[in-house]
file upload-v8.cif (mmCIF, C-alpha atoms)
data_protein
#
loop_
_atom_site.label_atom_id
_atom_site.label_comp_id
_atom_site.auth_asym_id
_atom_site.auth_seq_id
_atom_site.Cartn_x
_atom_site.Cartn_y
_atom_site.Cartn_z
CA MET A 237 -43.37 -107.99 18.85
CA SER A 238 -44.30 -110.04 21.93
CA LEU A 239 -46.44 -113.19 21.66
CA ASN A 240 -49.40 -111.51 23.38
CA VAL A 241 -49.38 -108.55 21.01
CA LEU A 242 -49.06 -110.85 17.97
CA THR A 243 -51.95 -113.01 19.18
CA HIS A 244 -54.15 -109.96 19.80
CA THR A 245 -53.31 -108.56 16.35
CA LEU A 246 -54.09 -111.83 14.58
CA SER A 247 -57.36 -112.15 16.46
CA GLY A 248 -58.23 -108.59 15.46
CA ILE A 249 -57.52 -109.35 11.83
CA GLY A 250 -59.60 -112.50 12.10
CA SER A 251 -62.54 -110.56 13.50
CA VAL A 252 -62.22 -107.96 10.75
CA ALA A 253 -62.13 -110.59 8.01
CA GLY A 254 -64.53 -112.91 9.70
CA GLU A 255 -68.14 -113.66 8.94
CA GLY A 256 -69.90 -110.52 7.72
CA GLY A 257 -66.59 -108.68 7.47
CA PHE A 258 -64.42 -107.68 4.56
CA GLN A 259 -65.16 -109.50 1.33
CA THR A 260 -62.12 -109.92 -0.89
CA PRO A 261 -62.80 -108.58 -4.40
CA GLY A 262 -62.74 -111.16 -7.18
CA VAL A 263 -63.43 -111.48 -10.89
CA GLU A 264 -67.10 -110.76 -10.29
CA ALA A 265 -66.09 -107.12 -9.76
CA PHE A 266 -65.40 -106.94 -13.50
CA TRP A 267 -68.96 -107.80 -14.56
CA TRP A 268 -71.01 -104.60 -14.30
CA PRO A 269 -74.26 -104.84 -16.28
CA LEU A 270 -75.88 -101.44 -16.76
CA ILE A 271 -78.84 -102.32 -18.97
CA GLY A 272 -80.31 -105.80 -19.26
CA GLU A 273 -79.01 -109.12 -18.02
CA GLY A 274 -77.07 -112.10 -19.30
CA ALA A 275 -74.98 -112.25 -22.45
CA MET A 276 -76.91 -109.42 -24.15
CA ALA A 277 -76.51 -106.95 -21.28
CA PHE A 278 -74.98 -103.54 -21.94
CA THR A 279 -72.13 -103.46 -19.46
CA ARG A 280 -69.75 -100.93 -17.96
CA PRO A 281 -66.79 -102.13 -20.10
CA ALA A 282 -68.91 -101.63 -23.23
CA LEU A 283 -69.68 -98.07 -22.13
CA VAL A 284 -66.02 -97.36 -21.32
CA LEU A 285 -64.94 -98.79 -24.69
CA LEU A 286 -67.41 -96.58 -26.57
CA LEU A 287 -66.21 -93.60 -24.55
CA SER A 288 -62.61 -94.35 -25.50
CA VAL A 289 -63.49 -94.58 -29.20
CA GLY A 290 -65.13 -91.14 -29.03
CA MET A 291 -62.17 -89.65 -27.19
CA ILE A 292 -59.65 -91.08 -29.68
CA ALA A 293 -61.71 -89.79 -32.62
CA TRP A 294 -61.82 -86.34 -31.03
CA PHE A 295 -58.09 -86.46 -30.23
CA PHE A 296 -56.96 -87.24 -33.77
CA ALA A 297 -59.66 -85.24 -35.58
CA GLY A 298 -58.32 -82.07 -33.99
CA THR A 299 -55.26 -82.25 -36.24
CA ALA A 300 -57.16 -82.17 -39.54
CA ARG A 301 -55.64 -78.73 -40.07
CA LEU A 302 -51.99 -78.74 -39.11
CA SER A 303 -50.17 -75.54 -38.24
CA VAL A 304 -46.50 -74.65 -38.52
CA VAL A 305 -46.44 -73.84 -34.81
CA PRO A 306 -48.19 -76.88 -33.31
CA THR A 307 -50.81 -76.57 -30.62
CA LYS A 308 -50.57 -78.72 -27.52
CA ARG A 309 -52.95 -81.28 -28.96
CA GLN A 310 -51.15 -81.35 -32.31
CA PHE A 311 -47.86 -81.81 -30.45
CA MET A 312 -49.29 -84.77 -28.53
CA VAL A 313 -50.83 -86.34 -31.65
CA GLU A 314 -47.56 -85.99 -33.54
CA GLY A 315 -45.71 -87.57 -30.61
CA VAL A 316 -48.00 -90.62 -30.55
CA TYR A 317 -47.95 -90.91 -34.33
CA ASN A 318 -44.16 -90.65 -34.62
CA PHE A 319 -43.67 -93.15 -31.79
CA VAL A 320 -45.86 -95.79 -33.47
CA ARG A 321 -44.60 -94.94 -36.97
CA ASN A 322 -40.87 -94.98 -36.26
CA THR A 323 -40.39 -97.18 -33.20
CA ILE A 324 -42.92 -99.89 -34.08
CA GLY A 325 -43.98 -99.66 -37.72
CA ARG A 326 -40.84 -98.76 -39.65
CA ASP A 327 -38.30 -100.46 -37.37
CA ILE A 328 -40.21 -103.75 -37.14
CA ILE A 329 -42.02 -104.17 -40.47
CA GLY A 330 -39.50 -102.25 -42.57
CA SER A 331 -39.56 -99.02 -44.53
CA LYS A 332 -40.80 -100.80 -47.66
CA ASP A 333 -44.09 -102.18 -46.30
CA PHE A 334 -44.91 -100.54 -42.98
CA ILE A 335 -46.94 -97.53 -44.17
CA GLN A 336 -49.98 -99.60 -45.24
CA PHE A 337 -50.25 -101.11 -41.75
CA LEU A 338 -49.66 -97.87 -39.84
CA PRO A 339 -53.40 -97.04 -39.36
CA LEU A 340 -53.95 -100.46 -37.78
CA LEU A 341 -50.94 -100.16 -35.47
CA LEU A 342 -51.79 -96.59 -34.46
CA THR A 343 -55.39 -97.58 -33.69
CA LEU A 344 -54.32 -100.62 -31.66
CA PHE A 345 -51.81 -98.68 -29.58
CA SER A 346 -54.13 -95.72 -28.92
CA LEU A 347 -57.16 -97.86 -28.09
CA ILE A 348 -55.32 -100.23 -25.78
CA LEU A 349 -53.36 -97.50 -24.01
CA LEU A 350 -56.40 -95.31 -23.32
CA ASN A 351 -58.51 -98.23 -22.09
CA ASN A 352 -55.66 -99.40 -19.87
CA VAL A 353 -55.24 -95.92 -18.37
CA PHE A 354 -58.97 -95.91 -17.61
CA GLY A 355 -58.12 -98.54 -14.98
CA ILE A 356 -56.59 -95.89 -12.70
CA LEU A 357 -58.49 -92.81 -13.89
CA PRO A 358 -60.78 -91.44 -11.14
CA PHE A 359 -64.55 -91.87 -11.66
CA ILE A 360 -63.91 -94.57 -14.30
CA GLN A 361 -61.32 -96.93 -12.78
CA TYR A 362 -62.11 -99.80 -15.09
CA PRO A 363 -59.51 -101.48 -17.38
CA THR A 364 -61.59 -102.55 -20.37
CA MET A 365 -58.88 -104.95 -21.54
CA SER A 366 -59.43 -107.04 -18.41
CA ARG A 367 -62.53 -108.45 -20.18
CA LEU A 368 -61.18 -111.25 -22.37
CA GLY A 369 -63.62 -110.56 -25.20
CA VAL A 370 -62.03 -107.19 -26.02
CA PRO A 371 -58.42 -108.41 -26.43
CA LEU A 372 -59.73 -111.43 -28.35
CA VAL A 373 -61.48 -109.19 -30.89
CA LEU A 374 -58.34 -107.06 -31.33
CA THR A 375 -56.27 -110.23 -31.73
CA LEU A 376 -58.73 -111.57 -34.29
CA ILE A 377 -58.34 -108.38 -36.34
CA VAL A 378 -54.54 -108.69 -36.22
CA TYR A 379 -54.62 -112.31 -37.35
CA ILE A 380 -57.09 -111.73 -40.15
CA VAL A 381 -54.68 -109.10 -41.47
CA TYR A 382 -51.69 -111.34 -40.85
CA HIS A 383 -53.03 -114.43 -42.61
CA THR A 384 -54.55 -112.42 -45.46
CA VAL A 385 -51.20 -110.77 -46.18
CA ALA A 386 -49.34 -114.09 -45.92
CA ILE A 387 -51.77 -115.86 -48.26
CA ARG A 388 -51.46 -113.07 -50.83
CA ARG A 389 -47.67 -113.12 -50.63
CA LYS A 390 -47.68 -116.89 -51.20
CA HIS A 391 -50.33 -116.65 -53.96
CA GLY A 392 -52.86 -118.96 -52.34
CA VAL A 393 -53.86 -120.94 -49.26
CA LEU A 394 -52.04 -124.17 -50.14
CA PRO A 395 -48.69 -122.48 -50.90
CA TYR A 396 -49.06 -120.58 -47.63
CA LEU A 397 -49.68 -123.77 -45.65
CA LYS A 398 -46.75 -125.46 -47.38
CA SER A 399 -44.50 -122.56 -46.38
CA LEU A 400 -45.05 -123.42 -42.72
CA VAL A 401 -42.61 -126.31 -43.18
CA PRO A 402 -39.09 -125.32 -44.26
CA PRO A 403 -37.57 -127.29 -47.13
CA GLY A 404 -34.87 -129.90 -46.68
CA LEU A 405 -36.42 -131.78 -43.76
CA PRO A 406 -36.77 -135.57 -43.63
CA GLY A 407 -40.16 -136.80 -44.81
CA TRP A 408 -41.13 -138.29 -41.44
CA LEU A 409 -40.46 -134.97 -39.67
CA LYS A 410 -42.54 -132.77 -41.99
CA PRO A 411 -46.03 -133.79 -40.66
CA ILE A 412 -44.92 -133.30 -37.05
CA LEU A 413 -43.44 -129.88 -37.75
CA PHE A 414 -46.47 -128.86 -39.81
CA VAL A 415 -48.82 -129.62 -36.92
CA LEU A 416 -46.62 -127.70 -34.49
CA GLU A 417 -46.32 -124.71 -36.80
CA PHE A 418 -50.03 -124.75 -37.59
CA LEU A 419 -50.91 -124.74 -33.88
CA THR A 420 -48.37 -121.96 -33.27
CA TYR A 421 -49.64 -119.62 -36.00
CA PHE A 422 -53.37 -120.38 -35.72
CA LEU A 423 -53.91 -121.04 -32.01
CA ILE A 424 -51.02 -120.46 -29.61
CA ARG A 425 -49.90 -117.03 -30.83
CA PRO A 426 -53.43 -115.53 -30.93
CA LEU A 427 -54.31 -116.91 -27.49
CA THR A 428 -51.09 -115.74 -25.84
CA LEU A 429 -51.40 -112.30 -27.45
CA ALA A 430 -54.90 -111.84 -25.99
CA LEU A 431 -54.32 -113.58 -22.66
CA ARG A 432 -51.13 -111.62 -21.92
CA LEU A 433 -52.98 -108.32 -22.18
CA MET A 434 -56.07 -109.51 -20.31
CA GLY A 435 -54.10 -111.21 -17.53
CA ASN A 436 -51.93 -108.19 -16.76
CA MET A 437 -54.88 -105.79 -16.65
CA LEU A 438 -56.98 -108.17 -14.55
CA ALA A 439 -54.22 -108.89 -12.04
CA GLY A 440 -53.17 -105.25 -11.69
CA HIS A 441 -56.70 -103.99 -11.12
CA LEU A 442 -57.48 -106.76 -8.63
CA MET A 443 -54.34 -105.87 -6.68
CA LEU A 444 -55.36 -102.20 -6.52
CA LEU A 445 -58.90 -103.19 -5.45
CA VAL A 446 -57.56 -105.33 -2.61
CA PHE A 447 -55.35 -102.56 -1.23
CA ILE A 448 -57.90 -99.76 -1.65
CA LEU A 449 -60.97 -101.61 -0.35
CA GLY A 450 -58.97 -103.49 2.28
CA GLY A 451 -57.33 -100.27 3.46
CA GLU A 452 -60.72 -98.56 3.72
CA TYR A 453 -62.12 -101.45 5.74
CA LEU A 454 -59.16 -101.61 8.10
CA LEU A 455 -59.22 -97.85 8.63
CA LEU A 456 -62.95 -97.67 9.37
CA HIS A 457 -63.60 -101.02 11.02
CA GLY A 458 -60.27 -102.08 12.53
CA GLU A 459 -60.55 -102.91 16.21
CA ASN A 460 -57.18 -101.47 17.23
CA LEU A 461 -54.72 -98.77 16.24
CA PHE A 462 -52.43 -101.26 14.50
CA LEU A 463 -55.21 -102.24 12.09
CA ASN A 464 -56.17 -98.60 11.54
CA PHE A 465 -52.57 -97.73 10.77
CA SER A 466 -52.35 -100.73 8.43
CA GLY A 467 -55.30 -99.28 6.54
CA ILE A 468 -53.42 -95.99 6.08
CA LEU A 469 -50.37 -97.92 4.85
CA ALA A 470 -52.56 -99.85 2.40
CA PHE A 471 -53.90 -96.56 1.00
CA GLY A 472 -50.37 -95.21 0.61
CA PHE A 473 -49.21 -98.42 -1.04
CA SER A 474 -52.16 -98.31 -3.46
CA ILE A 475 -51.13 -94.81 -4.58
CA GLY A 476 -47.59 -95.99 -5.26
CA MET A 477 -48.88 -99.07 -7.08
CA SER A 478 -51.11 -96.86 -9.23
CA PHE A 479 -48.02 -95.17 -10.68
CA PHE A 480 -46.42 -98.57 -11.23
CA GLU A 481 -49.64 -99.79 -12.87
CA LEU A 482 -49.49 -96.81 -15.23
CA LEU A 483 -46.11 -98.04 -16.44
CA ILE A 484 -47.50 -101.56 -16.91
CA GLU A 485 -50.45 -100.17 -18.85
CA PHE A 486 -48.15 -98.37 -21.28
CA LEU A 487 -45.91 -101.42 -21.65
CA GLN A 488 -48.85 -103.73 -22.37
CA ALA A 489 -50.13 -101.40 -25.11
CA PHE A 490 -46.62 -101.21 -26.54
CA ILE A 491 -46.02 -104.99 -26.35
CA PHE A 492 -49.36 -105.86 -27.98
CA THR A 493 -48.73 -103.43 -30.86
CA LEU A 494 -45.09 -104.51 -31.15
CA LEU A 495 -46.04 -108.19 -31.40
CA ALA A 496 -48.73 -107.36 -33.96
CA ALA A 497 -46.05 -105.61 -36.03
CA LEU A 498 -43.70 -108.57 -35.62
CA TYR A 499 -46.33 -111.00 -36.87
CA ILE A 500 -47.18 -108.76 -39.82
CA SER A 501 -43.47 -108.43 -40.56
CA ASP A 502 -43.28 -112.22 -40.65
CA ALA A 503 -46.17 -112.29 -43.13
CA VAL A 504 -44.63 -109.76 -45.55
CA SER A 505 -41.18 -111.32 -45.32
CA GLU A 506 -39.97 -113.08 -48.44
CA HIS A 507 -38.56 -115.86 -46.28
CA HIS A 508 -41.88 -116.72 -44.59
#

call {"tool": "encode", "arguments": {"input": "upload-v8.cif", "output": "structure tokens"}}
result
Amino acid sequence: MSLNVLTHTLSGIGSVAGEGGFQTPGVEAFWWPLIGEGAMAFTRPALVLLLSVGMIAWFFAGTARLSVVPTKRQFMVEGVYNFVRNTIGRDIIGSKDFIQFLPLLLTLFSLILLNNVFGILPFIQYPTMSRLGVPLVLTLIVYIVYHTVAIRRKHGVLPYLKSLVPPGLPGWLKPILFVLEFLTYFLIRPLTLALRLMGNMLAGHLMLLVFILGGEYLLLHGENLFLNFSGILAFGFSIGMSFFELLIEFLQAFIFTLLAALYISDAVSEHH
């Protein structure tokens, strides 16, 4: 590309993105109040979350009467159930204890996966888990279960707290290790579990917004053919990234549920 062409292209991009031009989407695109204002507003993510709960209830309720020859919905339900039961529940927690935690794991996986997929579903296109409050609530549920099980296994709060420090350590090292373990189990693990899910959904959706909205703007308002063609490329790239985002959405649902099972497995372990 010659210097003149490059200069003309850069000036065209500058005019497109200049004052009154394309506004880059940011985190404000994730705050969509529908009814009311402020902290008590009923927002789009709340509506999408309620919609997902209804869809999951309908999806699993359809298998109340199982048939020898499964219907399509029964086949799908059994696939999801067996995946969570065998791959996550039994393999991670163990065949002795996993069954009592299976409803929690199945609910977590189904709820997170469906709400993640909503991020690329036409006419919804909103990943509910990109709002930090939703992953935080799910994480809180996991850790209430985790600590409750651990306290019961250790027959009280004090024995449970003492178990955070392994025996045989020098006396001067025990307070330091206790603080580190306490922060790990009560602060760091819950925060990272929630922030990992929220961060991936937020970043992925922002990336798709940039390519889709930027491509539309370049296609309709670009001042030369190069910018118009760049808009078409951005649209094509956004379609490819949507399929990649679908894989990320599944992996994030799987990782969140897998880590929840790992933490619960730690709580039921005799060596905790």

call {"tool": "closest_residue", "arguments": {"input": "upload-v8.cif", "among": "A:Asn351, A:Ser505, A:Asn436, A:Gln310", "to": "Ile484 of chain A", "atoms": "only C-alpha atoms"}}
result
A:Asn436

call {"tool": "closest_atom_pairs", "arguments": {"input": "upload-v8.cif", "of": "segment 303-324 of chain A", "to": "segment 274-298 of chain A", "cutoff": "12 Å", "atoms": "all atoms listed in the file", "output": "Markdown table"}}
result
| residue | atom | partner | partner_atom | distance |
| --- | --- | --- | --- | --- |
| A:Ser303 | CA | A:Gly298 | CA | 11.3 |
| A:Pro306 | CA | A:Gly298 | CA | 11.4 |
| A:Thr307 | CA | A:Gly298 | CA | 9.9 |
| A:Lys308 | CA | A:Gly298 | CA | 10.6 |
| A:Arg309 | CA | A:Gly298 | CA | 7.4 |
| A:Gln310 | CA | A:Gly298 | CA | 7.4 |
| A:Phe311 | CA | A:Gly298 | CA | 11.0 |
| A:Met312 | CA | A:Phe295 | CA | 9.1 |
| A:Val313 | CA | A:Phe296 | CA | 6.5 |
| A:Glu314 | CA | A:Phe296 | CA | 9.5 |
| A:Gly315 | CA | A:Phe296 | CA | 11.7 |
| A:Val316 | CA | A:Phe296 | CA | 10.1 |
| A:Tyr317 | CA | A:Phe296 | CA | 9.7 |

call {"tool": "residues_around", "arguments": {"input": "upload-v8.cif", "residues": "segment 329-346 of chain A", "least_positions_apart": "3", "cutoff": "6 Å", "atoms": "all atoms listed in the file", "output": "PyMOL selection string"}}
result
chain A and resi 325-326+349+489+493+501

call {"tool": "atom_distance", "arguments": {"input": "upload-v8.cif", "atom1": "atom CA of Phe473 of chain A", "atom2": "atom CA of Phe447 of chain A"}}
result
7.4 Å

call {"tool": "atom_distance", "arguments": {"input": "upload-v8.cif", "atom1": "atom CA of His441 of chain A", "atom2": "atom CA of Leu455 of chain A"}}
result
20.8 Å

call {"tool": "closest_residue", "arguments": {"input": "upload-v8.cif", "among": "A:Phe418, A:Glu459, A:Ala430, A:Gly451", "to": "Gly472 of chain A", "atoms": "all atoms listed in the file"}}
result
A:Gly451

call {"tool": "resolve_selection", "arguments": {"input": "upload-v8.cif", "expression": "the PyMOL selection byres ((chain A and resi 443) around 12)", "output": "number ranges by chain"}}
result
A: 260-263, 355-356, 436-442, 444-451, 470, 473-475, 477-478, 480-481

call {"tool": "closest_residue", "arguments": {"input": "upload-v8.cif", "among": "A:Val320, A:Ile377, A:Leu357, A:Leu368", "to": "Trp267 of chain A", "atoms": "all atoms listed in the file"}}
result
A:Leu368

call {"tool": "resolve_selection", "arguments": {"input": "upload-v8.cif", "expression": "the PyMOL selection byres ((chain A and resi 379-390) around 9)", "output": "list in words"}}
result
Leu374, Thr375, Leu376, Ile377, Val378, His391, Gly392, Val393, Leu394, Pro395, Tyr396, Leu397, Ser399, Tyr421, Phe422, Pro426, Ala496, Tyr499, Ile500, Ser501, Asp502, Ala503, Val504, Ser505, Glu506 and His508 of chain A
